[in-house]
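Shown here: target_21.csv, CSV, C-alpha atoms.
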chain,number,residue,atom,x,y,z
A,18,MET,CA,0.0,0.0,0.0
A,19,CYS,CA,1.3,3.5,-0.8
A,20,ARG,CA,1.1,6.0,2.0
A,21,PRO,CA,3.6,8.7,2.7
A,22,ASP,CA,4.6,7.0,6.0
A,23,ARG,CA,5.3,3.7,4.1
A,24,GLY,CA,6.9,5.1,1.0
A,25,SER,CA,4.8,6.8,-1.7
A,26,CYS,CA,3.7,5.2,-4.9
A,27,SER,CA,5.5,8.0,-6.8
A,28,ASP,CA,8.8,7.1,-5.1
A,29,ARG,CA,8.5,3.6,-6.4
A,30,VAL,CA,7.6,4.7,-10.0
A,31,LEU,CA,10.5,7.2,-9.9
A,32,ALA,CA,12.9,4.4,-8.9
A,33,LEU,CA,11.6,2.2,-11.8
A,34,ALA,CA,11.9,5.1,-14.3
A,35,ASN,CA,15.4,5.9,-13.1
A,36,SER,CA,16.5,2.3,-13.5
A,37,ALA,CA,15.2,1.8,-17.0
A,38,ASN,CA,17.7,0.9,-19.7
A,39,SER,CA,15.7,0.3,-22.8
A,40,ALA,CA,12.0,0.9,-22.5
A,41,LEU,CA,9.3,2.5,-20.4
A,42,TRP,CA,5.8,1.8,-21.7
A,43,VAL,CA,3.1,3.5,-19.7
A,44,ALA,CA,-0.7,3.3,-19.8
A,45,VAL,CA,-2.3,5.5,-17.2
A,46,PHE,CA,-5.8,6.9,-16.7
A,47,SER,CA,-4.8,10.2,-15.1
A,48,PHE,CA,-1.3,11.7,-15.2
A,49,THR,CA,-0.5,15.1,-13.5
A,50,HIS,CA,2.5,14.2,-11.4
A,51,GLU,CA,5.3,16.5,-12.4
A,52,ALA,CA,8.2,14.6,-10.8
A,53,ILE,CA,7.2,11.4,-12.6
A,54,ALA,CA,6.9,13.4,-15.9
A,55,GLU,CA,10.4,14.7,-15.4
A,56,SER,CA,11.7,11.2,-14.7
A,57,LEU,CA,10.2,10.0,-18.0
A,58,VAL,CA,11.8,13.0,-19.9
A,59,ALA,CA,15.2,12.2,-18.2
A,60,ALA,CA,14.8,8.5,-19.3
A,61,ALA,CA,14.1,9.6,-22.9
A,62,ALA,CA,17.2,11.8,-22.8
A,63,ARG,CA,19.2,8.7,-21.8
A,64,GLY,CA,18.0,6.9,-24.9
A,65,VAL,CA,15.2,4.9,-23.3
A,66,ASP,CA,12.2,4.3,-25.5
A,67,VAL,CA,9.5,6.1,-23.5
A,68,ALA,CA,5.9,5.9,-24.7
A,69,VAL,CA,2.7,7.0,-22.8
A,70,VAL,CA,-1.0,6.5,-23.4
A,71,VAL,CA,-3.4,8.6,-21.4
A,72,GLU,CA,-7.2,8.7,-21.2
A,73,THR,CA,-8.5,11.3,-23.6
A,74,ARG,CA,-11.1,12.6,-21.2
A,75,GLN,CA,-8.6,13.4,-18.4
A,76,GLU,CA,-6.7,16.6,-18.2
A,77,THR,CA,-3.0,15.9,-18.6
A,78,PRO,CA,-1.1,19.1,-17.8
A,79,VAL,CA,2.3,17.3,-18.0
A,80,MET,CA,1.7,16.4,-21.7
A,81,PRO,CA,3.5,19.4,-23.2
A,82,ARG,CA,6.5,18.7,-21.1
A,83,LEU,CA,6.5,15.0,-22.1
A,84,LEU,CA,6.3,15.9,-25.8
A,85,GLU,CA,9.0,18.6,-25.7
A,86,GLY,CA,11.2,16.1,-23.8
A,87,GLY,CA,11.1,13.5,-26.4
A,88,VAL,CA,8.4,11.2,-24.9
A,89,ARG,CA,6.1,9.6,-27.4
A,90,VAL,CA,2.5,10.3,-26.2
A,91,ARG,CA,-0.9,9.2,-27.5
A,92,GLU,CA,-4.4,9.7,-26.2
A,93,ASP,CA,-6.6,6.7,-25.8
A,94,GLY,CA,-8.6,6.0,-29.0
A,95,ASN,CA,-11.4,3.8,-27.8
A,96,GLY,CA,-14.9,5.0,-27.1
A,97,SER,CA,-14.8,4.1,-23.4
A,98,SER,CA,-12.4,4.9,-20.6
A,99,MET,CA,-8.9,3.6,-20.8
A,100,HIS,CA,-8.6,2.9,-17.1
A,101,HIS,CA,-5.2,1.2,-17.1
A,102,LYS,CA,-2.5,2.2,-14.6
A,103,PHE,CA,0.7,0.4,-15.5
A,104,VAL,CA,4.2,0.7,-16.7
A,105,VAL,CA,6.3,-2.0,-18.3
A,106,VAL,CA,10.1,-1.5,-17.6
A,107,ASP,CA,12.7,-3.0,-19.9
A,108,GLY,CA,10.4,-5.9,-20.9
A,109,ASP,CA,10.8,-7.7,-17.6
A,110,VAL,CA,9.2,-5.6,-14.8
A,111,VAL,CA,5.6,-4.3,-14.4
A,112,ALA,CA,4.2,-1.9,-11.9
A,113,THR,CA,0.4,-1.9,-11.8
A,114,GLY,CA,-2.4,-1.1,-9.3
A,115,SER,CA,-5.0,1.5,-8.5
A,116,PHE,CA,-2.4,4.3,-8.5
A,117,ASN,CA,-3.1,7.1,-10.9
A,118,TRP,CA,0.0,9.2,-11.5
A,119,THR,CA,-1.2,12.3,-9.6
A,120,ASN,CA,-0.2,14.1,-6.4
A,121,ASN,CA,-3.7,13.5,-5.0
A,122,ALA,CA,-3.4,9.8,-5.5
A,123,ASP,CA,0.1,9.8,-4.0
A,124,TYR,CA,-0.7,11.7,-0.8
A,125,HIS,CA,-4.4,11.6,-0.1
A,126,ASN,CA,-6.0,8.5,-1.5
A,127,ASP,CA,-5.8,4.9,-0.4
A,128,GLU,CA,-3.9,3.4,-3.3
A,129,ASN,CA,-1.9,0.4,-4.2
A,130,LEU,CA,1.0,-0.4,-6.5
A,131,VAL,CA,2.3,-3.9,-7.2
A,132,ILE,CA,5.7,-4.4,-8.8
A,133,LEU,CA,6.1,-7.7,-10.6
A,134,HIS,CA,9.6,-8.8,-11.6
A,135,SER,CA,8.3,-11.3,-14.2
A,136,GLU,CA,9.1,-11.5,-17.9
A,137,GLY,CA,5.9,-13.4,-18.5
A,138,ALA,CA,3.7,-10.7,-16.9
A,139,ALA,CA,5.7,-8.0,-18.6
A,140,LYS,CA,5.0,-9.7,-22.0
A,141,GLN,CA,1.3,-9.7,-21.3
A,142,PHE,CA,1.2,-6.1,-20.2
A,143,ALA,CA,3.4,-5.1,-23.2
A,144,ALA,CA,1.0,-6.7,-25.6
A,145,GLU,CA,-1.9,-4.8,-24.0
A,146,PHE,CA,0.1,-1.6,-24.1
A,147,LEU,CA,0.7,-2.1,-27.9
A,148,ARG,CA,-2.9,-2.8,-28.5
A,149,VAL,CA,-3.9,0.4,-26.7
A,150,TRP,CA,-1.1,2.4,-28.3
A,151,ASP,CA,-2.2,1.2,-31.8
A,152,MET,CA,-5.7,2.4,-31.1
A,153,GLY,CA,-4.5,5.7,-29.8
A,154,LYS,CA,-4.3,9.1,-31.5
A,155,GLU,CA,-1.8,11.9,-31.5
A,156,PRO,CA,-2.6,14.6,-28.9
Could you quickly redo this structure as structure tokens?
Amino acid sequence: MCRPDRGSCSDRVLALANSANSALWVAVFSFTHEAIAESLVAAAARGVDVAVVVETRQETPVMPRLLEGGVRVREDGNGSSMHHKFVVVDGDVVATGSFNWTNNADYHNDENLVILHSEGAAKQFAAEFLRVWDMGKEP
């Protein structure tokens, strides 16, 4: 569980982003957390393939920063909500759970984030990311 007294969800996501060597593929319903956005930009600057799909109907104030920082971004292209909250790291780690990438979720909500060190799980999440990415549209 992610609570400030136990270590925030964002701290865990930041650690994963900072450890990425080849790819960070993100599908997240709501993304407003500036520190996470900066970590994705830093990863892209290191040559990591960083791609993000966000829900079309959510405000994403970090999107301009992501785009100017070399992060590939798409908005969800289906007619319903893209309610995913996951990141695939280097094809062998997945972080998923209820955590939206927002300060409110990080510091006020009851949230969870599960980190799976599993190539098999990562392959399944990567396939879902690519499906959602392919349906997505440019912002």
May I have a table of the residues of region 86-144 of chain A lying at most 10 Å from region 50-61 of chain A, giving each one's closest pair of atoms and their distance in Å to one decimal, counting all atoms listed in the file, ordered by chain and ascending residue number, as a Markdown table?
| residue | atom | partner | partner_atom | distance |
| --- | --- | --- | --- | --- |
| A:Gly86 | CA | A:Val58 | CA | 5.0 |
| A:Gly87 | CA | A:Ala61 | CA | 6.0 |
| A:Val88 | CA | A:Ala61 | CA | 6.2 |
| A:Arg89 | CA | A:Ala61 | CA | 9.2 |
| A:Asn117 | CA | A:His50 | CA | 9.1 |
| A:Trp118 | CA | A:His50 | CA | 5.6 |
| A:Thr119 | CA | A:His50 | CA | 4.5 |
| A:Asn120 | CA | A:His50 | CA | 5.7 |
| A:Asn121 | CA | A:His50 | CA | 8.9 |
| A:Ala122 | CA | A:His50 | CA | 9.4 |
| A:Asp123 | CA | A:His50 | CA | 8.9 |
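The space separating CA of Gly114 (chain A) from CA of Lys154 (chain A) comes to 24.5 Å.
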Counting all atoms listed in the file, figure out which residue out of A:Asp28, A:Asp66, A:Glu145, A:Glu72 gets nearest to Val45 (chain A).
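Between A:Asp28, A:Asp66, A:Glu145, A:Glu72, the residue approaching Val45 (chain A) most closely is A:Glu72.
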Need the shell around Leu41 (chain A): protein/DNA/RNA residues with any atom at most 9 Å away, counting all atoms listed in the file. Skip same-chain ones fewer than 3 positions apart. Format as an mmCIF file with C-alpha atoms, in the frame of the given file?
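part-v9.cif written:
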data_model
loop_
_atom_site.group_PDB
_atom_site.id
_atom_site.type_symbol
_atom_site.label_atom_id
_atom_site.label_comp_id
_atom_site.auth_asym_id
_atom_site.auth_seq_id
_atom_site.Cartn_x
_atom_site.Cartn_y
_atom_site.Cartn_z
ATOM 1 C CA LEU A 33 11.600 2.200 -11.800
ATOM 2 C CA ALA A 34 11.900 5.100 -14.300
ATOM 3 C CA ALA A 37 15.200 1.800 -17.000
ATOM 4 C CA ASN A 38 17.700 0.900 -19.700
ATOM 5 C CA LEU A 57 10.200 10.000 -18.000
ATOM 6 C CA ALA A 60 14.800 8.500 -19.300
ATOM 7 C CA ALA A 61 14.100 9.600 -22.900
ATOM 8 C CA VAL A 65 15.200 4.900 -23.300
ATOM 9 C CA ASP A 66 12.200 4.300 -25.500
ATOM 10 C CA VAL A 67 9.500 6.100 -23.500
ATOM 11 C CA ALA A 68 5.900 5.900 -24.700
ATOM 12 C CA VAL A 69 2.700 7.000 -22.800
ATOM 13 C CA VAL A 104 4.200 0.700 -16.700
ATOM 14 C CA VAL A 105 6.300 -2.000 -18.300
ATOM 15 C CA VAL A 106 10.100 -1.500 -17.600
ATOM 16 C CA ASP A 107 12.700 -3.000 -19.900
ATOM 17 C CA GLY A 108 10.400 -5.900 -20.900
#
A straight line from CA of Val110 (chain A) to CA of Ala144 (chain A) spans 13.6 Å
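In this model, the gap between CA of Ser98 (chain A) and CA of Gly24 (chain A) comes to 29.0 Å.
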Close residues, Phe146 (chain A) itself excluded, 8 Å, all atoms listed in the file, min 2 positions apart in chain, as a ChimeraX atom specification:
/A:42-44,142-144,148-150
With C-alpha atoms kept, could you save the residues just selected as a PDB file, in the coordinates of the input?
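Below is the file that was written, part.pdb:
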ATOM      1  CA  TRP A  42       5.800   1.800 -21.700  1.00  0.00           C
ATOM      2  CA  VAL A  43       3.100   3.500 -19.700  1.00  0.00           C
ATOM      3  CA  ALA A  44      -0.700   3.300 -19.800  1.00  0.00           C
ATOM      4  CA  PHE A 142       1.200  -6.100 -20.200  1.00  0.00           C
ATOM      5  CA  ALA A 143       3.400  -5.100 -23.200  1.00  0.00           C
ATOM      6  CA  ALA A 144       1.000  -6.700 -25.600  1.00  0.00           C
ATOM      7  CA  ARG A 148      -2.900  -2.800 -28.500  1.00  0.00           C
ATOM      8  CA  VAL A 149      -3.900   0.400 -26.700  1.00  0.00           C
ATOM      9  CA  TRP A 150      -1.100   2.400 -28.300  1.00  0.00           C
TER      10      TRP A 150
END
Excluding Arg74 (chain A) and any residue of its chain fewer than 4 positions from it, enumerate the residues within 10 Å of it, using all atoms listed in the file, and give them as a VMD selection string.
chain A and resid 46 to 47 92 to 93 97 to 99
Using only C-alpha atoms for the distances, tell me which of A:Gly96, A:Ala112, A:His101, A:Thr77 is nearest to Ala32 (chain A).
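Checking each candidate against Ala32 (chain A), we get A:Ala112 as the closest.
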Excluding Met80 (chain A) and its own-chain neighbours fewer than 2 positions away, which residues fall within 9 Å of it when counting all atoms listed in the file? Please give them as a list of chain:residue names.
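Counting all atoms listed in the file, the residues come to A:Phe48, A:Thr49, A:Ala54, A:Thr77, A:Pro78, A:Arg82, A:Leu83, A:Leu84, A:Glu85, A:Val90, A:Pro156.
Restricting the calculation to all atoms listed in the file, the smallest distance between Val111 (chain A) and any of A:Ala62, A:Val30, A:Gly153, A:Val79 is found for A:Val30.
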